[in-house]
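Chemist: Handing you this structure, nothing more for now.
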Amino acid sequence: MAKADFYETLGVTKTADEKELKSAFRKLAMKFHPDKNPGDDEAEKKFKELNEAYETLKDPQKRAAYDRFGHAAFEHGGGGFHPGGGGFAGGGFSDIFEDIFGEMMGGGRGGRARSTGGRERGADLRYNMEISLEESFTGKTAQIHVPTSITCETCTGTGAKPGTKPTTCATCQGTGRIRAAQGFFSIERTCPTCHGRGQTISDPCGKCHGQGRVTEERSLSVNIPAGIEDGTRIRLQGEGEAGLRGGPSGDLYIFLSVKPHEFFQRDGADLYCSVPISMTTAALGGTFDVVTLDGAKSRVTVPEGTQPGKQFRLKGKGMPVLRSAQMGDLYIQIQIETPQKLTKRQRELLQEFEQLSSKENNPESTGFFARMKDFFDTLSD
């Protein structure tokens, strides 16, 4: 099934600004949050789609990529952002980023660059890593295992059997190209003997079969700084695929995705949490404790007469700002729970309360119905 358009998912137009995106996301995220729809798989799926759409469109560079290439901007070359685990893909992914941002991630198609002496730059590699919001909060050092090509130790990357060395190609004289005259024109093409490398190997290395590199799984340590956001790219220079016949290695790019959290929603350095309270607590006032990502408890005081949607700000209880001592804030949004499965006595008490209520107890509903009556009276005049 085709992936839904991110703008349609959020219900905004392609000209929507940052404020409109944020407003649309918050409204829909509150509606489809798993806490408000327990056991509803469709709501959970919709919530994840909203997160993915917003995380893409709120970032100017990723939004530019999406506007130009659609979903292919993040799936090109088979890499993509795959929630649910790590994985890597070969050098083709770099082409889109070169086209959009002008980054030279390898000097040519697939991250390869030709150099003299038959040496070629190795491909850039991509590794997808998923971390939790807690790990994004504290930061971590992760060990990853990357299957890649490394320089052959037997021939030290030359591709030739130890004691021998590559020779200059007799067909192209080491240029890697040959020219053929056709009438008034001269056509240049890749040398068929050395395949453009400029050198030939008469006695190849037995371990790498003349490639100068072998495939092996490497273990690397990756530092994930505190406060890192979903979609961040980390570059490990020279940790990509080994170059052909001693050429320079490519780079390894770690693409991070942060799993949706059960309670908190992130917007930059700020966190948002929807908390249900009872009708009586909202009416009479009270307190409750919220456990924040740093493991501490913060007490929230609910004033008498609190209305649904009321927000309380806990300063400095959000996410750390990347490479900074600053902290974002945590916003608690109140949801008032209507009592269910009332006993006979509870029902009687509520009915008695309703009889004793006055306009002052429910000013919003009283005012609304009064304004509605005046509106329709005006239409009938």
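Residue numbering restarts at 1 for every chain of the structure tokens, chains are lettered A, B, ... in their displayed order, and ligands are numbered from 1 as they appear.
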List as an mmCIF file with N, CA, C and O atoms, in the first residue's frame the protein and nucleic acid residues near segment 188-200 of chain A, meaning an atom at most 6 Å away when only C-alpha atoms are counted, but skip any in the same chain fewer than 2 places from it.
Modeler:
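Once written, part_22.cif looks like this:
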```
data_model
loop_
_atom_site.group_PDB
_atom_site.id
_atom_site.type_symbol
_atom_site.label_atom_id
_atom_site.label_comp_id
_atom_site.auth_asym_id
_atom_site.auth_seq_id
_atom_site.Cartn_x
_atom_site.Cartn_y
_atom_site.Cartn_z
ATOM 1 N N GLY A 118 44.737 2.795 -10.577
ATOM 2 C CA GLY A 118 43.715 1.763 -10.439
ATOM 3 C C GLY A 118 43.007 1.772 -9.099
ATOM 4 O O GLY A 118 42.204 0.888 -8.809
ATOM 5 N N PRO A 166 50.988 -4.592 -9.373
ATOM 6 C CA PRO A 166 50.251 -4.329 -10.609
ATOM 7 C C PRO A 166 51.163 -3.680 -11.644
ATOM 8 O O PRO A 166 52.132 -2.989 -11.312
ATOM 9 N N THR A 167 50.859 -3.897 -12.913
ATOM 10 C CA THR A 167 51.624 -3.293 -14.012
ATOM 11 C C THR A 167 50.740 -2.347 -14.802
ATOM 12 O O THR A 167 49.510 -2.484 -14.836
ATOM 13 N N THR A 168 51.388 -1.383 -15.436
ATOM 14 C CA THR A 168 50.645 -0.420 -16.257
ATOM 15 C C THR A 168 49.986 -1.131 -17.429
ATOM 16 O O THR A 168 50.610 -1.963 -18.101
ATOM 17 N N CYS A 169 48.732 -0.813 -17.663
ATOM 18 C CA CYS A 169 47.970 -1.445 -18.740
ATOM 19 C C CYS A 169 48.590 -1.093 -20.091
ATOM 20 O O CYS A 169 48.789 0.100 -20.407
ATOM 21 N N GLY A 174 47.986 3.182 -19.122
ATOM 22 C CA GLY A 174 47.750 3.660 -17.757
ATOM 23 C C GLY A 174 46.713 4.743 -17.618
ATOM 24 O O GLY A 174 46.430 5.196 -16.501
ATOM 25 N N THR A 175 46.094 5.177 -18.722
ATOM 26 C CA THR A 175 45.091 6.253 -18.639
ATOM 27 C C THR A 175 43.717 5.734 -18.257
ATOM 28 O O THR A 175 42.878 6.479 -17.768
ATOM 29 N N GLY A 176 43.448 4.457 -18.514
ATOM 30 C CA GLY A 176 42.136 3.897 -18.227
ATOM 31 C C GLY A 176 41.117 4.179 -19.312
ATOM 32 O O GLY A 176 39.971 3.732 -19.232
ATOM 33 N N ARG A 177 41.524 4.954 -20.354
ATOM 34 C CA ARG A 177 40.619 5.312 -21.452
ATOM 35 C C ARG A 177 41.319 5.075 -22.779
ATOM 36 O O ARG A 177 42.545 5.218 -22.892
ATOM 37 N N ILE A 178 40.548 4.718 -23.778
ATOM 38 C CA ILE A 178 41.103 4.592 -25.127
ATOM 39 C C ILE A 178 40.254 5.406 -26.095
ATOM 40 O O ILE A 178 39.061 5.616 -25.868
ATOM 41 N N ARG A 179 40.905 5.882 -27.164
ATOM 42 C CA ARG A 179 40.212 6.699 -28.154
ATOM 43 C C ARG A 179 40.188 5.990 -29.499
ATOM 44 O O ARG A 179 41.164 5.334 -29.888
#
```
Chemist: Excluding Val302 of chain A and its own-chain neighbours fewer than 4 positions away, which residues fall within 7 Å of it when counting only C-alpha atoms? Please give them as a ChimeraX atom specification.
Modeler: /A:282,285-287,306
Chemist: Which residues of segment 298-338 of chain A have any atom within 9 Å of an atom in segment 213-226 of chain A when counting only C-alpha atoms, and what is the closest pair of atoms for each, with the distance in Å to one decimal? Order the rows by chain and rising number and write it as a tab-separated table.
Modeler:
```
residue	atom	partner	partner_atom	distance
A:Met319	CA	A:Ala226	CA	8.5
A:Pro320	CA	A:Ala226	CA	6.5
A:Val321	CA	A:Ala226	CA	7.8
A:Leu322	CA	A:Ala226	CA	6.3
A:Arg323	CA	A:Pro225	CA	7.5
```
Chemist: Quote the spacing between atom CA of Phe74 of chain A and atom CA of Ala16 of chain A in Å to one decimal place.
Modeler: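 For atom CA of Phe74 of chain A relative to atom CA of Ala16 of chain A, the distance reads 21.3 Å.
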Chemist: What is the distance, in Å and to one decimal place, between atom CA of Lys207 of chain A and atom CA of Gly243 of chain A?
Modeler: 16.0 Å
Chemist: Tell me which protein, DNA and RNA residues are within 8 Å of segment 330-337 of chain A, counting only C-alpha atoms, leaving out same-chain ones fewer than 4 positions away, and put them as an MDAnalysis selection string.
Modeler: chainID A and resid 270:279 282 307:318
Chemist: Mind dumping the selected residues with N, CA and C atoms as a CSV table (one decimal), in the first residue's frame?
Modeler:
```csv
chain,number,residue,atom,x,y,z
A,270,ASP,N,11.3,20.6,24.0
A,270,ASP,CA,10.1,20.5,24.9
A,270,ASP,C,9.4,19.1,24.8
A,271,LEU,N,8.8,18.7,26.0
A,271,LEU,CA,8.1,17.5,26.0
A,271,LEU,C,6.6,17.8,26.4
A,272,TYR,N,5.7,17.0,25.9
A,272,TYR,CA,4.3,17.2,26.2
A,272,TYR,C,3.7,15.9,26.7
A,273,CYS,N,2.9,16.0,27.8
A,273,CYS,CA,2.3,14.8,28.4
A,273,CYS,C,0.8,15.1,28.7
A,274,SER,N,-0.1,14.2,28.3
A,274,SER,CA,-1.5,14.3,28.6
A,274,SER,C,-1.8,13.5,29.8
A,275,VAL,N,-2.4,14.2,30.8
A,275,VAL,CA,-2.7,13.5,32.1
A,275,VAL,C,-4.2,13.6,32.4
A,276,PRO,N,-4.8,12.4,32.6
A,276,PRO,CA,-6.2,12.4,33.0
A,276,PRO,C,-6.4,12.6,34.5
A,277,ILE,N,-7.4,13.4,34.9
A,277,ILE,CA,-7.7,13.6,36.3
A,277,ILE,C,-9.2,13.4,36.5
A,278,SER,N,-9.6,13.2,37.7
A,278,SER,CA,-11.1,12.9,37.9
A,278,SER,C,-11.8,14.3,37.9
A,279,MET,N,-13.1,14.1,37.7
A,279,MET,CA,-14.0,15.3,37.6
A,279,MET,C,-13.9,16.1,39.0
A,282,ALA,N,-10.7,18.1,39.4
A,282,ALA,CA,-10.8,19.3,38.6
A,282,ALA,C,-11.7,20.3,39.3
A,307,GLN,N,-10.2,23.5,34.0
A,307,GLN,CA,-11.0,23.1,32.8
A,307,GLN,C,-10.1,22.2,31.9
A,308,PRO,N,-10.8,21.4,31.1
A,308,PRO,CA,-10.1,20.5,30.2
A,308,PRO,C,-9.1,21.2,29.3
A,309,GLY,N,-8.0,20.7,29.0
A,309,GLY,CA,-7.0,21.3,28.1
A,309,GLY,C,-6.1,22.3,28.8
A,310,LYS,N,-6.3,22.5,30.1
A,310,LYS,CA,-5.4,23.4,30.8
A,310,LYS,C,-4.0,22.8,30.8
A,311,GLN,N,-3.0,23.7,30.6
A,311,GLN,CA,-1.6,23.3,30.6
A,311,GLN,C,-0.8,23.8,31.7
A,312,PHE,N,0.0,22.9,32.3
A,312,PHE,CA,0.9,23.3,33.4
A,312,PHE,C,2.4,23.2,32.9
A,313,ARG,N,3.2,24.1,33.1
A,313,ARG,CA,4.6,24.1,32.6
A,313,ARG,C,5.6,23.8,33.7
A,314,LEU,N,6.4,22.7,33.5
A,314,LEU,CA,7.4,22.4,34.4
A,314,LEU,C,8.7,22.8,33.8
A,315,LYS,N,9.3,23.9,34.2
A,315,LYS,CA,10.4,24.5,33.6
A,315,LYS,C,11.7,23.6,33.8
A,316,GLY,N,12.4,23.4,32.7
A,316,GLY,CA,13.7,22.6,32.8
A,316,GLY,C,13.5,21.1,32.9
A,317,LYS,N,12.3,20.6,32.7
A,317,LYS,CA,12.0,19.2,32.9
A,317,LYS,C,11.8,18.5,31.5
A,318,GLY,N,12.2,19.2,30.5
A,318,GLY,CA,12.1,18.6,29.1
A,318,GLY,C,13.4,17.9,28.7
```
Chemist: Taking the chain letters and numbering used in this document, name the residues of segment 284-360 of chain A that DSSP puts in helix (DSSP H, G or I), as a ChimeraX atom specification.
Modeler: /A:284,344-356
Chemist: Please list as a PyMOL selection string every residue within 7 Å of segment 30-32 of chain A, counting only C-alpha atoms and excluding residues in the same chain fewer than 4 positions away.
Modeler: chain A and resi 26+36-37+43-44+46-47
Chemist: Could you jot down the atom CA of Val300 of chain A to atom CA of Thr338 of chain A separation for me, Å, one decimal place?
Modeler: 20.4 Å
Chemist: Rank A:Asn128, A:Ile201, A:Ser249, A:Glu262 by their smallest atom-to-atom distance to Ser149 of chain A, using only C-alpha atoms, and report the top residue only.
Modeler: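 Once distances to Ser149 of chain A are computed over only C-alpha atoms, the minimum belongs to A:Ser249.
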Chemist: Compile the contact shell of Ile228 of chain A as a PyMOL selection string: residues with an atom at most 12 Å away, counting only C-alpha atoms, same-chain residues fewer than 3 positions apart removed.
Modeler: chain A and resi 130-140+223-225+231-234+255-258+266+268-269+319-324
Chemist: As a ChimeraX atom specification, please: all residues of segment 170-204 of chain A that backbone DSSP puts in strand (DSSP E or B).
Modeler: /A:177-182,185-190,199-200,204
Chemist: Looking at only C-alpha atoms, which of A:Glu354, A:Lys45, A:Ala53, A:Glu239 is the one that sits closest to Ala24 of chain A?
Modeler: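 When distances to Ala24 of chain A are compared using only C-alpha atoms, the smallest one comes from A:Ala53.
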